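A.B. asks: Handing over protein06.txt, compact mmCIF, C-alpha atoms.
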# COMPACT_ATOMS: atom_id res chain seq x y z
CA MET O 1 15.85 -44.06 2.05
CA SER O 2 17.65 -43.85 -1.26
CA ALA O 3 21.28 -42.86 -1.44
CA THR O 4 22.29 -39.25 -1.99
CA PRO O 5 22.08 -38.49 -5.74
CA ALA O 6 25.30 -37.71 -7.54
CA PRO O 7 25.82 -33.96 -8.09
CA ALA O 8 25.21 -32.61 -11.56
CA PRO O 9 28.38 -32.14 -13.61
CA ALA O 10 29.77 -28.62 -13.55
CA PRO O 11 30.16 -26.56 -16.76
CA ALA O 12 33.46 -27.04 -18.51
CA ASP O 13 34.58 -23.46 -17.75
CA ALA O 14 33.59 -23.54 -14.06
CA ASP O 15 36.20 -23.05 -11.35
CA PRO O 16 36.96 -26.63 -10.21
CA VAL O 17 37.31 -25.58 -6.58
CA GLU O 18 34.02 -23.68 -6.47
CA ALA O 19 32.21 -26.41 -8.38
CA TYR O 20 33.51 -29.01 -5.93
CA VAL O 21 32.54 -26.93 -2.90
CA ALA O 22 29.07 -26.21 -4.32
CA ALA O 23 28.45 -29.90 -5.01
CA LEU O 24 29.51 -30.86 -1.49
CA ALA O 25 27.38 -28.13 0.07
CA ALA O 26 24.34 -29.35 -1.86
CA ALA O 27 24.88 -32.98 -0.85
CA VAL O 28 25.02 -32.57 2.96
CA HIS O 29 22.52 -31.12 5.43
CA GLY O 30 22.95 -29.78 8.92
CA PRO O 31 23.04 -26.69 11.16
CA ALA O 32 23.66 -23.68 8.93
CA ARG O 33 26.52 -22.11 10.90
CA VAL O 34 28.40 -25.38 11.37
CA LYS O 35 27.94 -26.33 7.73
CA ALA O 36 29.09 -22.90 6.53
CA ARG O 37 32.24 -23.16 8.67
CA MET O 38 33.03 -26.64 7.33
CA ILE O 39 32.49 -25.52 3.74
CA GLU O 40 34.77 -22.53 4.25
CA GLU O 41 37.46 -24.75 5.76
CA ILE O 42 37.47 -27.13 2.81
CA ARG O 43 37.46 -24.22 0.35
CA ASP O 44 40.53 -22.75 2.09
CA GLY O 45 42.21 -26.16 2.02
CA LEU O 46 41.59 -26.57 -1.69
CA VAL O 47 42.84 -23.07 -2.47
CA GLU O 48 46.00 -23.64 -0.45
CA THR O 49 46.64 -27.00 -2.13
CA ALA O 50 46.11 -25.50 -5.57
CA ALA O 51 48.45 -22.62 -4.72
CA ALA O 52 51.12 -25.10 -3.65
CA HIS O 53 50.85 -26.86 -7.01
CA GLU O 54 51.10 -23.52 -8.82
CA GLU O 55 54.33 -22.78 -6.95
CA ASP O 56 55.65 -26.03 -8.40
CA GLY O 57 54.95 -24.69 -11.89
CA VAL O 58 51.56 -26.29 -12.56
CA PRO O 59 49.15 -24.04 -14.55
CA PRO O 60 46.31 -22.59 -12.39
CA SER O 61 43.42 -24.54 -13.94
CA ARG O 62 45.32 -27.81 -13.78
CA ALA O 63 46.48 -27.05 -10.23
CA ALA O 64 42.88 -26.55 -9.13
CA ARG O 65 41.77 -29.81 -10.74
CA ARG O 66 44.65 -31.67 -9.13
CA ALA O 67 43.77 -30.24 -5.70
CA VAL O 68 40.19 -31.43 -6.13
CA ARG O 69 41.33 -34.93 -7.10
CA GLU O 70 43.56 -35.13 -4.04
CA PHE O 71 40.66 -34.29 -1.72
CA GLY O 72 38.62 -37.23 -3.02
CA THR O 73 35.23 -37.32 -4.69
CA VAL O 74 32.14 -35.68 -3.23
CA GLU O 75 30.53 -39.10 -2.86
CA GLU O 76 33.47 -40.23 -0.71
CA LEU O 77 33.26 -37.23 1.61
CA VAL O 78 29.48 -37.06 2.06
CA PRO O 79 29.04 -39.88 4.66
CA GLY O 80 31.66 -38.48 7.05
CA TRP O 81 30.49 -34.91 6.62
CA GLN O 82 26.84 -35.81 7.09
CA ARG O 83 27.66 -37.73 10.26
CA GLU O 84 29.61 -34.77 11.66
CA LEU O 85 26.75 -32.37 10.88
CA THR O 86 24.23 -34.76 12.44
CA VAL O 87 26.27 -34.94 15.65
CA ALA O 88 26.40 -31.13 15.66
CA GLN O 89 22.59 -31.06 15.40
CA ALA O 90 22.36 -33.54 18.29
CA ARG O 91 24.40 -31.13 20.42
CA HIS O 92 22.12 -28.29 19.30
CA THR O 93 19.09 -30.34 20.37
CA ALA O 94 20.72 -30.91 23.75
CA ARG O 95 21.29 -27.17 24.15
CA ALA O 96 17.62 -26.58 23.35
CA ALA O 97 16.69 -29.08 26.07
CA ALA O 98 18.97 -27.22 28.49
CA MET O 99 17.16 -23.96 27.68
CA ALA O 100 13.78 -25.65 28.17
CA PHE O 101 14.74 -27.22 31.51
CA PRO O 102 14.15 -24.16 33.75
CA PHE O 103 10.78 -23.50 32.08
CA LEU O 104 9.74 -27.08 32.76
CA LEU O 105 10.98 -26.92 36.34
CA VAL O 106 9.06 -23.74 37.15
CA CYS O 107 6.01 -25.04 35.31
CA GLY O 108 6.00 -28.23 37.38
CA LEU O 109 6.41 -26.30 40.62
CA LEU O 110 3.49 -24.03 39.75
CA VAL O 111 1.22 -26.98 38.96
CA HIS O 112 2.29 -28.72 42.16
CA THR O 113 1.49 -25.58 44.13
CA VAL O 114 -2.05 -25.42 42.76
CA GLY O 115 -2.57 -29.16 43.26
CA GLU O 116 -6.32 -29.18 42.60
CA GLY O 117 -7.57 -32.64 41.68
CA TRP O 118 -5.90 -35.73 40.31
CA GLY O 119 -5.58 -34.22 36.82
CA LEU O 120 -3.24 -31.43 37.90
CA ARG O 121 -1.33 -33.79 40.18
CA LEU O 122 -0.80 -36.09 37.21
CA LEU O 123 0.39 -33.15 35.13
CA ALA O 124 2.84 -32.21 37.87
CA VAL O 125 4.29 -35.72 37.79
CA LEU O 126 4.48 -35.61 33.98
CA LEU O 127 6.27 -32.27 34.00
CA ALA O 128 8.73 -33.47 36.63
CA ALA O 129 9.52 -36.52 34.50
CA VAL O 130 9.90 -34.43 31.35
CA ALA O 131 12.16 -31.96 33.18
CA GLY O 132 14.30 -34.89 34.29
CA VAL O 133 14.57 -36.24 30.74
CA ALA O 134 15.42 -32.78 29.38
CA GLY O 135 18.07 -32.30 32.06
CA LEU O 136 19.62 -35.71 31.32
CA LEU O 137 19.63 -35.00 27.58
CA ALA O 138 21.23 -31.60 28.13
CA ALA O 139 23.94 -33.03 30.37
CA ALA O 140 24.75 -36.33 28.66
CA THR O 141 24.84 -35.38 24.98
CA PRO O 142 27.64 -32.76 25.15
CA ALA O 143 29.70 -35.11 27.32
CA VAL O 144 29.29 -38.09 24.98
CA THR O 145 29.92 -36.06 21.81
CA GLY O 146 32.70 -33.95 23.32
CA ILE O 147 35.24 -35.20 25.85
CA LEU O 148 34.27 -38.88 25.69
CA ALA O 149 34.27 -38.85 21.88
CA ARG O 150 38.03 -38.31 21.96
CA ARG O 151 38.50 -41.63 23.77
CA VAL O 152 35.72 -43.89 22.48
CA ALA O 153 33.77 -44.12 19.23
CA LEU O 154 30.33 -42.55 19.24
CA PRO O 155 27.45 -45.05 19.19
CA PRO O 156 25.99 -44.99 15.65
CA GLY O 157 22.46 -44.60 16.98
CA LEU O 158 23.24 -41.70 19.33
CA PRO O 159 21.90 -38.86 17.12
CA LEU O 160 18.66 -40.75 16.50
CA ALA O 161 18.30 -41.47 20.23
CA VAL O 162 18.79 -37.77 20.97
CA ALA O 163 16.28 -36.90 18.24
CA TRP O 164 13.56 -39.17 19.61
CA THR O 165 14.22 -38.14 23.21
CA GLY O 166 13.83 -34.52 22.17
CA THR O 167 10.71 -35.43 20.20
CA ALA O 168 9.20 -37.17 23.24
CA THR O 169 9.94 -34.06 25.31
CA ALA O 170 8.28 -31.85 22.70
CA VAL O 171 5.17 -34.05 22.54
CA ALA O 172 4.89 -34.21 26.33
CA THR O 173 5.20 -30.44 26.71
CA ALA O 174 2.58 -29.89 24.01
CA LEU O 175 0.17 -32.21 25.81
CA ALA O 176 0.93 -30.55 29.14
CA ALA O 177 0.32 -27.09 27.69
CA LEU O 178 -3.01 -28.22 26.23
CA GLY O 179 -4.03 -29.83 29.53
CA LEU O 180 -3.11 -26.71 31.48
CA VAL O 181 -5.10 -24.48 29.14
CA VAL O 182 -8.15 -26.66 29.76
CA ALA O 183 -7.46 -26.81 33.50
CA SER O 184 -7.12 -23.02 33.75
CA ALA O 185 -10.76 -22.68 32.72
CA LEU O 186 -11.80 -24.82 35.71
CA ALA O 187 -9.23 -24.13 38.42
CA ARG O 188 -9.81 -21.54 41.12
CA GLU O 189 -6.26 -20.25 40.79
CA TRP O 190 -6.48 -20.07 37.02
CA PRO O 191 -3.77 -17.37 36.57
CA VAL O 192 -1.17 -19.74 38.03
CA THR O 193 -2.39 -22.61 35.88
CA ALA O 194 -2.45 -20.41 32.78
CA LEU O 195 1.10 -19.23 33.47
CA ALA O 196 2.21 -22.84 33.80
CA GLY O 197 0.60 -23.55 30.43
CA VAL O 198 2.52 -20.70 28.84
CA LEU O 199 5.79 -22.03 30.28
CA ALA O 200 5.03 -25.51 28.94
CA ALA O 201 4.32 -24.02 25.50
CA VAL O 202 7.64 -22.12 25.57
CA ALA O 203 9.48 -25.34 26.44
CA HIS O 204 7.75 -27.07 23.54
CA ALA O 205 8.73 -24.30 21.13
CA LEU O 206 12.37 -24.52 22.22
CA VAL O 207 12.72 -28.28 21.74
CA ALA O 208 10.37 -29.19 18.88
CA GLY O 209 12.27 -27.62 15.97
CA PRO O 210 15.78 -28.88 16.88
CA ALA O 211 14.42 -32.38 17.59
CA ARG O 212 12.64 -32.49 14.22
CA ALA O 213 15.82 -31.42 12.41
CA CYS O 214 17.85 -33.99 14.35
CA ARG O 215 15.48 -36.76 13.22
CA ARG O 216 15.87 -35.70 9.61
CA TYR O 217 19.67 -35.54 9.71
CA ALA O 218 19.93 -38.83 11.63
CA ARG O 219 17.94 -40.55 8.87
CA LEU O 220 20.26 -39.08 6.24
CA THR O 221 23.27 -40.36 8.17
CA ALA O 222 21.76 -43.83 8.41
CA ALA O 223 21.00 -43.82 4.68
What is this file in structure tokens?

C.D. replies:
Amino acid sequence: MSATPAPAPAPADADPVEAYVAALAAAVHGPARVKARMIEEIRDGLVETAAAHEEDGVPPSRAARRAVREFGTVEELVPGWQRELTVAQARHTARAAAMAFPFLLVCGLLVHTVGEGWGLRLLAVLLAAVAGVAGLLAAATPAVTGILARRVALPPGLPLAVAWTGTATAVATALAALGLVVASALAREWPVTALAGVLAAVAHALVAGPARACRRYARLTAA
């Protein structure tokens, strides 16, 4: 993937702080709330730095430009910011897996209860495996990116691993939902099988979007 393009130059009369913040916001991608908080923090930092220069007698426009220079160029900040936003998306994907876990667990139990034929038994095994993967993802990712991250460096490939684990979960739940829809037309206890299919579809909907976004941001971080 090509490198992030340099931001377009701001108009000569633009506020240096706002132009800098806008360029940085356009250059990085990640969860909206986390990104908005980070942008607001850097805006506040720039305003405070500029105000400190003004107190030293520097004219306002020059103080703002000096504050921007001290923060470094947008190109210098983008890699670190993008990595932080990607890790935030990995945690979001893990939370989605945690939300999907009970749906998968109940779905697997329902299919196991029906237990008609090798097809449903295979689906029960698949759902149990997917529930286990979702539970591991939900438990491990916050630990690795939270408490452990204060002591050891995060593995560079962690966000991409989380993304593809979430993607595998989404694909498996989609296949399970499709299989259960077909099975409900043939099973004697079709309401139970149909309910299991609905639960599998809900689990898929919870995980698919965050996993797709995590893949995208992980690729940007690698680039």

A.B. asks: With distances taken over only C-alpha atoms, which residue among O:Leu46, O:Val207, O:Ala14, O:Ala27 lies nearest O:Pro79?

C.D. replies: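 Of O:Leu46, O:Val207, O:Ala14, O:Ala27, the one nearest O:Pro79, counting only C-alpha atoms, is O:Ala27.
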
A.B. asks: Rounded to one decimal place, report the atom CA of O:Thr113-atom CA of O:Leu178 distance in Å.

C.D. replies: 18.6 Å

A.B. asks: Report the distance between atom CA of O:Arg121 and atom CA of O:Gly108 in Å, rounded to one decimal place.

C.D. replies: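 Calculated distance between atom CA of O:Arg121 and atom CA of O:Gly108 is 9.6 Å.
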
A.B. asks: I want to know what sits within 8 Å of stretch 165-168 of chain O, based on all atoms listed in the file, with residues of the same chain fewer than 6 positions away left out; could you give that as an mmCIF file with C-alpha atoms, in the coordinates of the input?

C.D. replies:
data_model
loop_
_atom_site.group_PDB
_atom_site.id
_atom_site.type_symbol
_atom_site.label_atom_id
_atom_site.label_comp_id
_atom_site.auth_asym_id
_atom_site.auth_seq_id
_atom_site.Cartn_x
_atom_site.Cartn_y
_atom_site.Cartn_z
ATOM 1 C CA THR O 93 19.090 -30.340 20.370
ATOM 2 C CA ALA O 94 20.720 -30.910 23.750
ATOM 3 C CA ALA O 97 16.690 -29.080 26.070
ATOM 4 C CA VAL O 133 14.570 -36.240 30.740
ATOM 5 C CA ALA O 134 15.420 -32.780 29.380
ATOM 6 C CA LEU O 137 19.630 -35.000 27.580
ATOM 7 C CA VAL O 207 12.720 -28.280 21.740
ATOM 8 C CA ALA O 208 10.370 -29.190 18.880
ATOM 9 C CA PRO O 210 15.780 -28.880 16.880
ATOM 10 C CA ALA O 211 14.420 -32.380 17.590
ATOM 11 C CA ARG O 212 12.640 -32.490 14.220
#

A.B. asks: Using atom CA of O:Leu220 and atom CA of O:Asp44 as the two end points, give the distance in Å to one decimal.

C.D. replies: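 A separation of 26.4 Å between them.
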
A.B. asks: O:Ala51, O:Val192, O:Leu104, O:Ile39: which is nearest O:Ala63, counting all atoms listed in the file?

C.D. replies: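 Among O:Ala51, O:Val192, O:Leu104, O:Ile39, it is O:Ala51 that comes nearest to O:Ala63.
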
A.B. asks: For stretch 93-195 of chain O against stretch 213-216 of chain O, with a cut-off of 7 Å and counting only C-alpha atoms, what is the closest atom pair and its distance in Å to one decimal for every residue that makes the cut, ordered by chain and number, as a tab-separated table?

C.D. replies:
residue	atom	partner	partner_atom	distance
O:Pro159	CA	O:Cys214	CA	6.9
O:Leu160	CA	O:Arg215	CA	6.1
O:Ala163	CA	O:Arg215	CA	5.1

A.B. asks: Would you please work out which residue, of O:Ala218, O:Ala128, O:Val114, O:Ala177, is nearest to O:Gln82 when using all atoms listed in the file?

C.D. replies: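 So, comparing all the options, the nearest one is O:Ala218.
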
A.B. asks: Box for stretch 109-113 of chain O - axis-aligned, 6 Å on each of the six sides, all listed atoms - centre and size in Å to one decimal, as AutoDock Vina command-line options.

C.D. replies:
--center_x 3.8 --center_y -26.4 --center_z 41.5 --size_x 17.2 --size_y 16.7 --size_z 17.2
